[in-house]
>>> print(open('entry31.cif').read())   # mmCIF, C-alpha atoms
data_entry
#
loop_
_atom_site.label_atom_id
_atom_site.label_comp_id
_atom_site.auth_asym_id
_atom_site.auth_seq_id
_atom_site.Cartn_x
_atom_site.Cartn_y
_atom_site.Cartn_z
CA MET A 1 37.67 35.39 102.43
CA GLY A 2 34.33 36.67 103.59
CA SER A 3 30.62 35.94 103.69
CA SER A 4 29.49 37.63 100.45
CA PRO A 5 27.72 35.29 98.01
CA ALA A 6 30.12 36.56 95.27
CA CYS A 7 33.89 36.14 95.24
CA ILE A 8 36.27 37.76 92.73
CA VAL A 9 39.54 35.92 92.04
CA LEU A 10 42.45 37.33 90.10
CA VAL A 11 43.89 34.35 88.23
CA ASP A 12 47.58 35.29 88.04
CA ALA A 13 48.81 31.98 89.43
CA PRO A 14 47.40 28.57 90.38
CA LYS A 15 44.90 29.17 93.15
CA ARG A 16 42.44 27.10 95.19
CA VAL A 17 39.08 28.41 96.41
CA ARG A 18 36.94 26.69 99.02
CA ALA A 19 33.27 27.58 99.68
CA ALA A 20 31.40 26.61 102.83
CA PHE A 21 27.61 26.63 102.94
CA ALA A 22 25.45 27.03 106.02
CA ARG A 23 21.81 26.10 105.91
CA THR A 24 19.65 29.14 106.72
CA THR A 25 16.65 29.11 109.02
CA ALA A 26 13.19 30.63 108.78
CA ARG A 27 10.76 31.58 111.54
CA LEU A 28 7.16 30.39 111.78
CA SER A 29 4.96 32.49 114.12
CA LEU A 30 1.27 32.43 114.96
CA THR A 31 -1.39 33.62 117.35
CA VAL A 32 -4.22 31.43 118.64
CA GLY A 33 -7.62 32.69 119.73
CA GLY A 34 -10.18 30.72 121.71
CA SER A 35 -10.33 27.33 123.42
CA GLY A 36 -7.60 25.22 121.89
CA ARG A 37 -3.94 24.74 121.09
CA VAL A 38 -1.86 24.44 117.90
CA VAL A 39 1.22 22.19 117.92
CA SER A 40 3.80 21.58 115.20
CA THR A 41 5.47 18.53 113.70
CA PRO A 42 8.48 18.61 113.89
CA PRO A 43 8.23 20.01 117.43
CA GLY A 44 8.81 23.66 118.21
CA ILE A 45 5.38 25.25 118.44
CA SER A 46 2.78 24.65 121.15
CA CYS A 47 0.58 27.74 121.21
CA GLY A 48 -2.71 28.37 123.04
CA GLU A 49 -4.36 27.13 126.25
CA ASP A 50 -1.29 27.67 128.47
CA GLY A 51 1.11 26.79 125.66
CA GLU A 52 3.19 29.89 124.93
CA ASN A 53 5.70 28.58 122.37
CA CYS A 54 4.07 30.49 119.53
CA SER A 55 7.09 30.90 117.25
CA ALA A 56 10.01 28.70 116.28
CA GLU A 57 12.85 28.59 113.79
CA PHE A 58 13.17 25.69 111.35
CA PRO A 59 15.79 24.94 108.67
CA ALA A 60 14.68 26.72 105.51
CA GLY A 61 12.60 24.40 103.34
CA THR A 62 11.37 22.25 106.23
CA SER A 63 7.86 20.84 105.81
CA VAL A 64 5.93 21.70 108.99
CA THR A 65 2.48 20.39 109.94
CA LEU A 66 0.39 22.48 112.33
CA THR A 67 -2.32 20.52 114.14
CA PRO A 68 -5.19 22.30 115.99
CA THR A 69 -6.42 20.55 119.13
CA PRO A 70 -9.56 22.00 120.75
CA THR A 71 -10.42 21.74 124.43
CA PRO A 72 -13.59 19.77 125.34
CA ASP A 73 -15.65 22.97 124.99
CA GLY A 74 -13.99 24.14 121.75
CA ILE A 75 -14.09 23.44 117.99
CA PHE A 76 -11.41 24.54 115.55
CA ASP A 77 -12.84 27.10 113.11
CA LEU A 78 -10.34 28.91 110.86
CA TRP A 79 -6.80 29.53 109.65
CA THR A 80 -5.45 32.74 108.16
CA GLY A 81 -2.36 33.39 106.04
CA PRO A 82 -0.85 30.52 104.01
CA CYS A 83 -3.05 28.02 105.86
CA ALA A 84 -6.31 29.84 104.92
CA THR A 85 -8.36 27.14 103.19
CA PRO A 86 -11.91 25.79 103.66
CA SER A 87 -10.36 22.85 105.52
CA ARG A 88 -10.54 23.01 109.32
CA GLY A 89 -7.94 20.31 109.88
CA PRO A 90 -4.14 20.26 110.11
CA CYS A 91 -2.14 22.55 107.85
CA SER A 92 1.13 21.50 106.18
CA LEU A 93 3.45 24.07 104.64
CA ALA A 94 7.06 24.46 103.59
CA VAL A 95 8.88 27.05 105.68
CA GLU A 96 10.94 28.71 102.94
CA GLY A 97 10.92 32.15 104.61
CA ASN A 98 9.43 33.81 107.67
CA ILE A 99 5.71 33.01 107.96
CA GLU A 100 2.99 34.57 110.12
CA LEU A 101 -0.54 33.21 110.51
CA MET A 102 -3.47 33.08 112.92
CA ALA A 103 -5.75 30.29 114.16
CA ALA A 104 -9.10 30.50 115.97
CA PHE A 105 -11.40 28.12 117.84
CA ARG A 106 -15.11 28.53 118.51
CA SER A 107 -17.26 27.28 121.38
CA THR A 108 -19.44 24.16 121.48
CA ASP A 109 -21.97 26.17 123.51
CA PRO A 110 -22.22 29.59 121.84
CA ASP A 111 -24.06 32.49 123.41
CA PRO A 112 -27.07 33.35 121.21
CA ASP A 113 -26.97 36.94 122.48
CA ASP A 114 -24.33 39.55 121.64
CA PRO A 115 -21.24 38.56 123.70
CA LEU A 116 -18.94 41.16 125.22
CA LEU A 117 -15.26 41.52 124.29
CA THR A 118 -13.07 43.19 126.92
CA VAL A 119 -9.49 44.33 126.23
CA ASN A 120 -6.91 45.21 128.88
CA PRO A 121 -4.32 47.11 126.78
CA GLN A 122 -1.52 47.59 129.38
CA GLY A 123 -0.09 50.71 127.74
CA VAL A 124 -0.63 49.95 124.03
CA LYS A 125 -3.30 50.88 121.48
CA VAL A 126 -5.60 48.05 120.35
CA THR A 127 -8.25 48.27 117.64
CA SER A 128 -10.65 45.72 116.17
CA GLN A 129 -12.02 44.72 112.80
CA PRO A 130 -15.01 44.91 112.53
CA PRO A 131 -14.91 48.24 114.40
CA GLY A 132 -15.97 48.38 118.03
CA ILE A 133 -12.74 48.23 120.05
CA ASP A 134 -10.57 51.36 119.95
CA CYS A 135 -8.74 50.95 123.23
CA PRO A 136 -8.11 53.17 125.02
CA PRO A 137 -10.68 54.62 125.53
CA THR A 138 -13.21 52.10 124.15
CA CYS A 139 -12.03 48.79 125.61
CA GLN A 140 -15.35 46.90 125.62
CA ALA A 141 -17.72 46.17 122.76
CA GLU A 142 -20.50 43.73 121.92
CA PHE A 143 -20.57 41.84 118.61
CA PRO A 144 -23.14 39.47 117.08
CA SER A 145 -22.46 35.94 118.33
CA GLY A 146 -20.07 34.04 116.07
CA THR A 147 -18.38 37.13 114.62
CA PRO A 148 -14.68 36.70 113.70
CA VAL A 149 -13.02 39.69 115.42
CA THR A 150 -9.42 40.60 114.56
CA LEU A 151 -7.54 42.60 117.20
CA ARG A 152 -4.49 44.63 116.15
CA GLY A 153 -1.89 46.57 118.11
CA ASP A 154 1.80 47.11 118.75
CA VAL A 155 1.72 44.13 121.09
CA SER A 156 4.70 42.27 122.54
CA LYS A 157 2.50 39.42 123.76
CA TRP A 158 -1.21 38.55 123.92
CA ASN A 159 -2.76 36.77 126.87
CA GLY A 160 -6.23 35.67 127.93
CA ALA A 161 -8.45 34.55 125.05
CA CYS A 162 -5.57 35.32 122.61
CA VAL A 163 -2.09 33.79 122.85
CA GLY A 164 0.98 34.73 120.79
CA ASN A 165 3.32 37.60 119.99
CA LEU A 166 2.21 38.84 116.56
CA ASP A 167 0.58 42.25 116.19
CA SER A 168 -2.79 40.63 115.33
CA CYS A 169 -5.05 37.96 116.80
CA VAL A 170 -8.42 36.66 115.58
CA LEU A 171 -11.24 35.46 117.86
CA ILE A 172 -14.54 33.79 117.03
CA LEU A 173 -16.58 35.80 119.51
CA ASP A 174 -19.42 33.48 120.47
CA ASN A 175 -19.04 33.95 124.25
CA SER A 176 -17.87 36.90 126.34
CA GLN A 177 -14.07 37.01 126.35
CA GLY A 178 -11.21 38.97 127.92
CA VAL A 179 -7.91 39.73 126.14
CA GLY A 180 -4.75 41.31 127.60
CA THR A 181 -1.47 42.50 126.13
CA GLY A 182 2.14 42.75 127.22
CA GLY A 183 2.41 39.31 128.78
CA PRO A 184 0.83 38.05 131.98
CA PRO A 185 0.55 40.65 134.75
CA PRO A 186 2.71 40.13 137.83
CA PRO A 187 1.21 37.82 140.43
CA PRO A 188 -1.15 39.83 142.65
CA SER A 189 -0.82 39.67 146.39
CA ARG A 190 -4.49 39.00 147.06
CA GLN A 191 -7.26 36.63 146.06
CA PHE A 192 -10.99 37.19 146.37
CA GLY A 193 -13.95 34.83 146.53
CA ILE A 194 -16.72 34.80 143.94
CA ASN A 195 -19.94 33.28 145.32
CA ILE A 196 -22.70 32.01 143.04
CA SER A 197 -26.30 31.11 143.88
CA VAL A 198 -28.78 29.58 141.43
CA ALA A 199 -32.58 29.48 141.57
CA GLY A 200 -34.56 27.36 139.15
CA PRO A 201 -33.70 24.70 136.52
CA GLY A 202 -30.24 25.65 135.35
CA VAL A 203 -26.49 25.65 135.99
CA VAL A 204 -23.84 28.39 136.17
CA THR A 205 -20.32 27.41 135.09
CA GLY A 206 -17.02 29.29 135.09
CA ARG A 207 -13.27 29.08 135.60
CA GLY A 208 -11.80 27.53 138.70
CA GLY A 209 -14.23 24.60 138.78
CA ILE A 210 -17.39 26.65 139.27
CA ARG A 211 -20.46 24.57 138.43
CA CYS A 212 -23.41 25.65 140.52
CA GLY A 213 -27.02 24.45 140.26
CA ARG A 214 -29.00 21.23 139.83
CA ARG A 215 -28.55 20.25 143.48
CA THR A 216 -24.82 21.11 143.40
CA ILE A 217 -23.87 23.19 146.43
CA PHE A 218 -20.14 22.57 146.82
CA GLU A 219 -18.93 24.18 143.59
CA CYS A 220 -20.66 27.52 143.97
CA GLU A 221 -17.57 29.42 145.12
CA GLY A 222 -14.14 30.06 143.65
CA PHE A 223 -11.09 32.09 144.69
CA PHE A 224 -9.38 34.15 142.00
CA ALA A 225 -6.40 36.49 141.75
CA GLU A 226 -7.13 40.19 142.03
CA GLY A 227 -7.47 41.67 138.54
CA ALA A 228 -8.52 38.41 136.85
CA THR A 229 -11.50 38.38 134.47
CA ILE A 230 -14.02 35.58 135.06
CA VAL A 231 -16.66 34.65 132.51
CA LEU A 232 -19.76 33.01 134.01
CA ARG A 233 -22.16 31.10 131.75
CA ALA A 234 -25.81 30.37 132.52
CA LYS A 235 -27.08 27.09 131.05
CA PRO A 236 -30.82 26.37 131.36
CA GLY A 237 -32.05 22.85 132.01
CA ARG A 238 -34.01 20.90 129.42
CA ARG A 239 -37.35 22.46 130.39
CA GLY A 240 -36.06 25.78 131.65
CA ARG A 241 -35.00 29.16 130.37
CA PHE A 242 -32.62 31.74 131.74
CA ALA A 243 -34.38 34.78 133.25
CA PHE A 244 -31.73 37.21 134.53
CA TRP A 245 -28.68 37.89 136.71
CA ARG A 246 -28.56 39.76 140.00
CA GLY A 247 -25.73 40.99 142.19
CA PHE A 248 -22.49 41.88 140.43
CA CYS A 249 -23.86 40.46 137.16
CA ARG A 250 -26.79 42.18 135.51
CA GLY A 251 -29.03 41.65 132.51
CA LYS A 252 -30.57 38.77 130.60
CA LYS A 253 -27.61 37.58 128.53
CA LYS A 254 -26.41 34.08 129.30
CA THR A 255 -22.81 35.17 129.84
CA CYS A 256 -21.40 37.62 132.35
CA SER A 257 -17.83 38.97 132.33
CA LEU A 258 -16.77 39.74 135.89
CA ARG A 259 -13.53 41.49 136.90
CA VAL A 260 -12.19 40.36 140.28
CA THR A 261 -11.54 43.49 142.33
CA ALA A 262 -13.17 42.44 145.63
CA PRO A 263 -15.31 39.61 147.06
CA LYS A 264 -18.42 39.42 144.89
CA THR A 265 -21.74 37.59 144.86
CA VAL A 266 -23.80 36.68 141.82
CA GLN A 267 -27.31 35.25 141.57
CA ALA A 268 -28.77 33.52 138.51
CA LEU A 269 -32.52 32.96 138.09
CA PHE A 270 -33.99 30.34 135.76
CA ARG A 271 -37.69 29.80 134.95
CA ARG A 272 -39.68 26.84 133.68
#
>>> encode(input="entry31.cif", output="structure tokens")
Amino acid sequence: MGSSPACIVLVDAPKRVRAAFARTTARLSLTVGGSGRVVSTPPGISCGEDGENCSAEFPAGTSVTLTPTPTPDGIFDLWTGPCATPSRGPCSLAVEGNIELMAAFRSTDPDPDDPLLTVNPQGVKVTSQPPGIDCPPTCQAEFPSGTPVTLRGDVSKWNGACVGNLDSCVLILDNSQGVGTGGPPPPPSRQFGINISVAGPGVVTGRGGIRCGRRTIFECEGFFAEGATIVLRAKPGRRGRFAFWRGFCRGKKKTCSLRVTAPKTVQALFRR
């Protein structure tokens, strides 16, 4: 008796041997970066955009299809690992053993400037490839728009622009993004208002339903949990151009990454 794959029998009398086989399982795990979700067929994985089932066990040998589904402002861009092919569609693979891979989405409205990547490490070391993030102490870095940035660290769970529990995550950095580690932070006790004002032919959009400008006055304020990171995007009208930010956002880049630590006001100026 036993569970060894080999059994030695001393044939000194008639004997009967019975073998029982149990089908083994293999784990498929991934991380997803950007605006979209990856789901599996058969079910088990739904990872990205509030879907946190980023790993699942399947009977060894199972054929699994992973399908990327972007949000309205996202486009699927790349696979890594055994799914890394020029194709940007679904990936089918046989799960013979444990498999790890990454998926990334890009934006339909990329920032032409150098977007800012912000990492909140929550007690772990995170680095980037290409170099720029070495956090702590360097937890913010700008990269040319559209750069694939791979973050690595001894991470139990990514959150924010990256979702999953592998030690790596890849982002197509074409807008300013925030990434955290160690799972979602505990719910804060306070919320603060972010107030936006817009002058000129353009619109400012952001999380929480913010869409301010072009005669819109009722969506220029949002309330957010203390510690959240809000990315505001300035979009010029057809005959306009973005000039600059004022208030708690500064500079001439079309995106602004704003950490919610108190009530804050932001002004955006557009010119014809």
>>> resolve_selection(input="entry31.cif", expression="the PyMOL selection byres ((chain A and resi 42) around 9)", output="ChimeraX atom specification")
/A:40-41,43-45,58,62-65
>>> atom_distance(input="entry31.cif", atom1="CA of Lys264 in chain A", atom2="CA of Val119 in chain A")
21.3 Å
>>> resolve_selection(input="entry31.cif", expression="the PyMOL selection byres ((chain A and resi 198-213) around 10)", output="PyMOL selection string")
chain A and resi 194-197+214-224+229-243+245+254-256+266-272
>>> resolve_selection(input="entry31.cif", expression="the PyMOL selection byres ((chain A and resi 71) around 12)", output="PDB file with C-alpha atoms, keeping the file's coordinate frame")
ATOM      1  CA  GLY A  34     -10.180  30.720 121.710  1.00  0.00           C
ATOM      2  CA  SER A  35     -10.330  27.330 123.420  1.00  0.00           C
ATOM      3  CA  GLY A  36      -7.600  25.220 121.890  1.00  0.00           C
ATOM      4  CA  ARG A  37      -3.940  24.740 121.090  1.00  0.00           C
ATOM      5  CA  VAL A  38      -1.860  24.440 117.900  1.00  0.00           C
ATOM      6  CA  GLY A  48      -2.710  28.370 123.040  1.00  0.00           C
ATOM      7  CA  GLU A  49      -4.360  27.130 126.250  1.00  0.00           C
ATOM      8  CA  ASP A  50      -1.290  27.670 128.470  1.00  0.00           C
ATOM      9  CA  PRO A  68      -5.190  22.300 115.990  1.00  0.00           C
ATOM     10  CA  THR A  69      -6.420  20.550 119.130  1.00  0.00           C
ATOM     11  CA  PRO A  70      -9.560  22.000 120.750  1.00  0.00           C
ATOM     12  CA  PRO A  72     -13.590  19.770 125.340  1.00  0.00           C
ATOM     13  CA  ASP A  73     -15.650  22.970 124.990  1.00  0.00           C
ATOM     14  CA  GLY A  74     -13.990  24.140 121.750  1.00  0.00           C
ATOM     15  CA  ILE A  75     -14.090  23.440 117.990  1.00  0.00           C
ATOM     16  CA  PHE A  76     -11.410  24.540 115.550  1.00  0.00           C
ATOM     17  CA  PHE A 105     -11.400  28.120 117.840  1.00  0.00           C
ATOM     18  CA  ARG A 106     -15.110  28.530 118.510  1.00  0.00           C
ATOM     19  CA  SER A 107     -17.260  27.280 121.380  1.00  0.00           C
ATOM     20  CA  THR A 108     -19.440  24.160 121.480  1.00  0.00           C
TER      21      THR A 108
END
>>> closest_residue(input="entry31.cif", among="A:Val155, A:Val163, A:Leu117, A:Val170", to="Ala141 in chain A", atoms="all atoms listed in the file")
A:Leu117
>>> atom_distance(input="entry31.cif", atom1="CA of Leu30 in chain A", atom2="CA of Leu166 in chain A")
6.7 Å
>>> closest_residue(input="entry31.cif", among="A:Thr181, A:Thr147, A:Asn53, A:Thr127", to="Pro112 in chain A", atoms="only C-alpha atoms")
A:Thr147
>>> atom_distance(input="entry31.cif", atom1="CA of Ile133 in chain A", atom2="CA of Leu151 in chain A")
8.2 Å
>>> residues_near_point(input="entry31.cif", point="(-14.0, 35.4, 110.7)", cutoff="10 Å", atoms="all atoms listed in the file", output="list in words")
Asp77, Leu78, Trp79, Thr80, Ala104, Gln129, Pro130, Gly146, Thr147, Pro148, Val149, Thr150, Val170, Leu171, Ile172 and Leu173 of chain A
>>> residues_around(input="entry31.cif", residues="Cys169 in chain A", least_positions_apart="4", cutoff="7 Å", atoms="only C-alpha atoms", output="list in words")
Thr31, Val32, Gly33, Met102, Thr150, Leu151, Arg152 and Cys162 of chain A
>>> residues_near_point(input="entry31.cif", point="(-13.9, 43.7, 137.0)", cutoff="10 Å", atoms="only C-alpha atoms", output="ChimeraX atom specification")
/A:226-230,248,257-262
>>> closest_residue(input="entry31.cif", among="A:Gly97, A:Gly182, A:Gly89, A:Pro110", to="Lys125 in chain A", atoms="all atoms listed in the file")
A:Gly182
>>> closest_residue(input="entry31.cif", among="A:Leu66, A:Cys139, A:Val95, A:Ala26", to="Leu116 in chain A", atoms="all atoms listed in the file")
A:Cys139
>>> closest_residue(input="entry31.cif", among="A:Ser92, A:Thr25, A:Asn120, A:Thr85", to="Gln177 in chain A", atoms="only C-alpha atoms")
A:Asn120
>>> decode(input="entry31.cif", residues="range 218-250 of chain A", atoms="N, CA and C atoms", output="mmCIF file, in the first residue's frame")
data_model
loop_
_atom_site.group_PDB
_atom_site.id
_atom_site.type_symbol
_atom_site.label_atom_id
_atom_site.label_comp_id
_atom_site.auth_asym_id
_atom_site.auth_seq_id
_atom_site.Cartn_x
_atom_site.Cartn_y
_atom_site.Cartn_z
ATOM 1 N N PHE A 218 -22.634 70.077 -13.473
ATOM 2 C CA PHE A 218 -23.088 69.220 -12.379
ATOM 3 C C PHE A 218 -22.177 68.027 -12.132
ATOM 4 N N GLU A 219 -21.156 67.835 -12.958
ATOM 5 C CA GLU A 219 -20.248 66.710 -12.784
ATOM 6 C C GLU A 219 -18.828 67.203 -12.573
ATOM 7 N N CYS A 220 -18.701 68.308 -11.901
ATOM 8 C CA CYS A 220 -17.398 68.931 -11.664
ATOM 9 C C CYS A 220 -16.890 68.683 -10.246
ATOM 10 N N GLU A 221 -17.532 67.757 -9.529
ATOM 11 C CA GLU A 221 -17.121 67.458 -8.169
ATOM 12 C C GLU A 221 -17.305 65.962 -7.914
ATOM 13 N N GLY A 222 -16.373 65.383 -7.182
ATOM 14 C CA GLY A 222 -16.489 63.992 -6.784
ATOM 15 C C GLY A 222 -15.961 63.804 -5.377
ATOM 16 N N PHE A 223 -16.502 62.826 -4.656
ATOM 17 C CA PHE A 223 -16.033 62.506 -3.304
ATOM 18 C C PHE A 223 -15.300 61.169 -3.357
ATOM 19 N N PHE A 224 -14.097 61.142 -2.751
ATOM 20 C CA PHE A 224 -13.231 59.984 -2.852
ATOM 21 C C PHE A 224 -12.651 59.649 -1.488
ATOM 22 N N ALA A 225 -12.361 58.361 -1.296
ATOM 23 C CA ALA A 225 -11.799 57.891 -0.034
ATOM 24 C C ALA A 225 -10.409 58.479 0.190
ATOM 25 N N GLU A 226 -10.130 58.805 1.430
ATOM 26 C CA GLU A 226 -8.807 59.314 1.779
ATOM 27 C C GLU A 226 -7.743 58.280 1.392
ATOM 28 N N GLY A 227 -6.702 58.757 0.703
ATOM 29 C CA GLY A 227 -5.624 57.883 0.274
ATOM 30 C C GLY A 227 -5.760 57.393 -1.150
ATOM 31 N N ALA A 228 -6.938 57.598 -1.782
ATOM 32 C CA ALA A 228 -7.121 57.158 -3.165
ATOM 33 C C ALA A 228 -6.279 58.014 -4.107
ATOM 34 N N THR A 229 -5.939 57.460 -5.265
ATOM 35 C CA THR A 229 -5.236 58.196 -6.309
ATOM 36 C C THR A 229 -6.188 58.408 -7.475
ATOM 37 N N ILE A 230 -6.406 59.667 -7.844
ATOM 38 C CA ILE A 230 -7.323 60.031 -8.917
ATOM 39 C C ILE A 230 -6.517 60.566 -10.086
ATOM 40 N N VAL A 231 -6.786 60.036 -11.272
ATOM 41 C CA VAL A 231 -6.134 60.533 -12.481
ATOM 42 C C VAL A 231 -7.146 61.376 -13.251
ATOM 43 N N LEU A 232 -6.817 62.652 -13.444
ATOM 44 C CA LEU A 232 -7.655 63.570 -14.215
ATOM 45 C C LEU A 232 -7.065 63.725 -15.613
ATOM 46 N N ARG A 233 -7.929 63.744 -16.615
ATOM 47 C CA ARG A 233 -7.483 63.860 -18.001
ATOM 48 C C ARG A 233 -8.126 65.079 -18.653
ATOM 49 N N ALA A 234 -7.295 65.907 -19.271
ATOM 50 C CA ALA A 234 -7.760 67.090 -19.986
ATOM 51 C C ALA A 234 -7.896 66.767 -21.470
ATOM 52 N N LYS A 235 -9.097 66.977 -22.020
ATOM 53 C CA LYS A 235 -9.354 66.670 -23.428
ATOM 54 C C LYS A 235 -9.809 67.931 -24.144
ATOM 55 N N PRO A 236 -8.951 68.492 -25.020
ATOM 56 C CA PRO A 236 -9.345 69.712 -25.740
ATOM 57 C C PRO A 236 -10.500 69.447 -26.695
ATOM 58 N N GLY A 237 -11.281 70.500 -26.962
ATOM 59 C CA GLY A 237 -12.311 70.418 -27.989
ATOM 60 C C GLY A 237 -11.695 70.398 -29.375
ATOM 61 N N ARG A 238 -12.556 70.324 -30.380
ATOM 62 C CA ARG A 238 -12.071 70.165 -31.756
ATOM 63 C C ARG A 238 -11.158 71.307 -32.170
ATOM 64 N N ARG A 239 -11.462 72.518 -31.764
ATOM 65 C CA ARG A 239 -10.660 73.674 -32.173
ATOM 66 C C ARG A 239 -9.878 74.273 -31.005
ATOM 67 N N GLY A 240 -9.640 73.469 -29.998
ATOM 68 C CA GLY A 240 -8.925 73.972 -28.832
ATOM 69 C C GLY A 240 -7.643 73.218 -28.567
ATOM 70 N N ARG A 241 -6.899 73.707 -27.611
ATOM 71 C CA ARG A 241 -5.692 73.020 -27.144
ATOM 72 C C ARG A 241 -5.563 73.245 -25.643
ATOM 73 N N PHE A 242 -5.013 72.266 -24.978
ATOM 74 C CA PHE A 242 -4.844 72.368 -23.536
ATOM 75 C C PHE A 242 -3.684 73.301 -23.227
ATOM 76 N N ALA A 243 -3.898 74.228 -22.263
ATOM 77 C CA ALA A 243 -2.854 75.196 -21.902
ATOM 78 C C ALA A 243 -2.100 74.754 -20.655
ATOM 79 N N PHE A 244 -2.809 74.662 -19.509
ATOM 80 C CA PHE A 244 -2.120 74.246 -18.283
ATOM 81 C C PHE A 244 -3.138 74.007 -17.170
ATOM 82 N N TRP A 245 -2.627 73.368 -16.080
ATOM 83 C CA TRP A 245 -3.387 73.158 -14.850
ATOM 84 C C TRP A 245 -3.031 74.245 -13.845
ATOM 85 N N ARG A 246 -3.966 74.463 -12.920
ATOM 86 C CA ARG A 246 -3.706 75.277 -11.735
ATOM 87 C C ARG A 246 -4.318 74.582 -10.528
ATOM 88 N N GLY A 247 -3.983 75.086 -9.336
ATOM 89 C CA GLY A 247 -4.483 74.476 -8.118
ATOM 90 C C GLY A 247 -3.589 73.317 -7.700
ATOM 91 N N PHE A 248 -4.218 72.188 -7.347
ATOM 92 C CA PHE A 248 -3.446 71.038 -6.884
ATOM 93 C C PHE A 248 -2.878 70.215 -8.037
ATOM 94 N N CYS A 249 -3.211 70.570 -9.264
ATOM 95 C CA CYS A 249 -2.528 70.021 -10.446
ATOM 96 C C CYS A 249 -1.702 71.132 -11.070
ATOM 97 N N ARG A 250 -0.528 70.772 -11.545
ATOM 98 C CA ARG A 250 0.368 71.757 -12.145
ATOM 99 C C ARG A 250 0.927 71.215 -13.452
#
